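Inspection log for the structure reproduced underneath, given as structure tokens.
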Amino acid sequence: MKTLVAGARAPDFLLPDQEGKDQELSELLLRGPVVLFFLPTPGSGGFTREVGHFRDLAMRFAEAGAHRVDLTCTELFAESEQLDFPLLADVDGAVADAYGVRRRFLAGVKRVTFVIDQRQRIVEVIQSGTSTSVHGDRALEVLTRLA
């Protein structure tokens, strides 16, 4: 399946977070836009820098009224990196498949971030194979346009 594009309806999901609490996209959207990101190679240096960048931008995302949600971290990683956003367990990869980010021939997912508005529409798809800061920065730019 191809990666979803801007203008598409974001598939809803219900997944447990690092505390075992179920999180549903449609419920999260009641409180503001969602920045949903998938990152490859959990635990790698690039991975750690990127989730750290999303963590460090917490105040700016809060000012934009947006929620950050990750689908690739583990509970242990969340604690060690002091992450302040939901880390969802997509154990069977169904959500990655629905968004078209699961890799076909390699394990894991593509590095893709979706900015989703409160109507559950994808307003931006951010893809960068190597940059660890472009996703958070670009998502914030898009959110300022939505305001």
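We name chains A, B, ... following the order of the structure tokens; residues begin at 1 in each chain, and ligands are numbered from 1 as shown.
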
Give the helix (DSSP H, G or I) residues of range 101-144 of chain A, as DSSP finds them on the backbone, and put them as a PyMOL selection string. chain A and resi 134-144

Exercise: range 111-113 of chain A partners within 8 Å, only C-alpha atoms, chain neighbours under 3 positions left out, as number ranges by chain: A: 35-40, 101, 125-129, 135, 139

Would you export the selected residues with N, CA, C and O atoms as a compact mmCIF listing (two decimals), in the first residue's frame, please?
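This went into out_9.txt:
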```
# COMPACT_ATOMS: atom_id res chain seq x y z
N VAL A 35 -0.16 15.20 15.64
CA VAL A 35 1.04 14.96 14.85
C VAL A 35 1.43 13.52 15.15
O VAL A 35 1.89 13.20 16.24
N LEU A 36 1.18 12.66 14.18
CA LEU A 36 1.41 11.22 14.32
C LEU A 36 2.68 10.85 13.58
O LEU A 36 2.79 11.10 12.39
N PHE A 37 3.65 10.29 14.30
CA PHE A 37 4.90 9.99 13.61
C PHE A 37 5.34 8.55 13.79
O PHE A 37 5.12 7.92 14.82
N PHE A 38 5.91 8.05 12.71
CA PHE A 38 6.48 6.70 12.63
C PHE A 38 7.97 6.87 12.38
O PHE A 38 8.36 7.62 11.47
N LEU A 39 8.80 6.19 13.16
CA LEU A 39 10.24 6.30 13.00
C LEU A 39 10.86 4.91 12.87
O LEU A 39 10.50 4.01 13.61
N PRO A 40 11.80 4.76 11.95
CA PRO A 40 12.47 3.46 11.81
C PRO A 40 13.55 3.26 12.88
O PRO A 40 13.97 4.21 13.53
N VAL A 101 2.97 2.91 5.75
CA VAL A 101 4.35 3.21 6.11
C VAL A 101 5.18 1.97 6.45
O VAL A 101 6.37 2.09 6.70
N VAL A 125 1.96 15.46 4.92
CA VAL A 125 2.74 14.24 5.09
C VAL A 125 4.20 14.64 4.95
O VAL A 125 4.60 15.19 3.92
N ILE A 126 4.97 14.40 5.99
CA ILE A 126 6.37 14.81 6.01
C ILE A 126 7.23 13.55 5.93
O ILE A 126 7.09 12.65 6.76
N GLN A 127 8.09 13.50 4.90
CA GLN A 127 8.96 12.35 4.71
C GLN A 127 10.39 12.83 4.53
O GLN A 127 10.65 13.69 3.72
N SER A 128 11.27 12.26 5.31
CA SER A 128 12.69 12.55 5.19
C SER A 128 13.42 11.33 5.71
O SER A 128 13.21 10.92 6.84
N GLY A 129 14.27 10.77 4.88
CA GLY A 129 14.95 9.56 5.27
C GLY A 129 16.05 9.74 6.29
O GLY A 129 16.37 8.82 7.03
N HIS A 135 11.09 16.78 10.67
CA HIS A 135 9.70 16.38 10.90
C HIS A 135 9.03 17.26 11.95
O HIS A 135 7.93 17.77 11.73
N ALA A 139 6.22 20.07 10.99
CA ALA A 139 4.89 19.89 11.58
C ALA A 139 4.45 21.18 12.27
O ALA A 139 3.29 21.60 12.13
```

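Excluding Ala62 in chain A itself and same-chain residues fewer than 2 positions from it, the residues having an atom within 12 Å of it are Arg31, Gly32, Pro33, Val34, Val35, Phe54, Arg55, Asp56, Leu57, Ala58, Met59, Arg60, Ala64, Gly65, Ala66, His67, Arg68, Asp84, Phe85, Leu140, Leu143 and Thr144 of chain A, counting only C-alpha atoms.
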
d(CA of Met1 in chain A, CA of Ala98 in chain A) in Å: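 Rounded to one decimal, the two atoms are 8.0 Å apart.
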
Restricting the calculation to only C-alpha atoms, which member of A:Val69, A:Leu83, A:Val51, A:Leu4 is positioned closest to Leu28 in chain A? A:Val69

So which one's closest to Glu124 in chain A, A:Pro86, A:Gly45, A:Ala8, A:Asp22? Using only C-alpha atoms, please.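 Going through A:Pro86, A:Gly45, A:Ala8, A:Asp22 one by one, the smallest distance to Glu124 in chain A is for A:Ala8.
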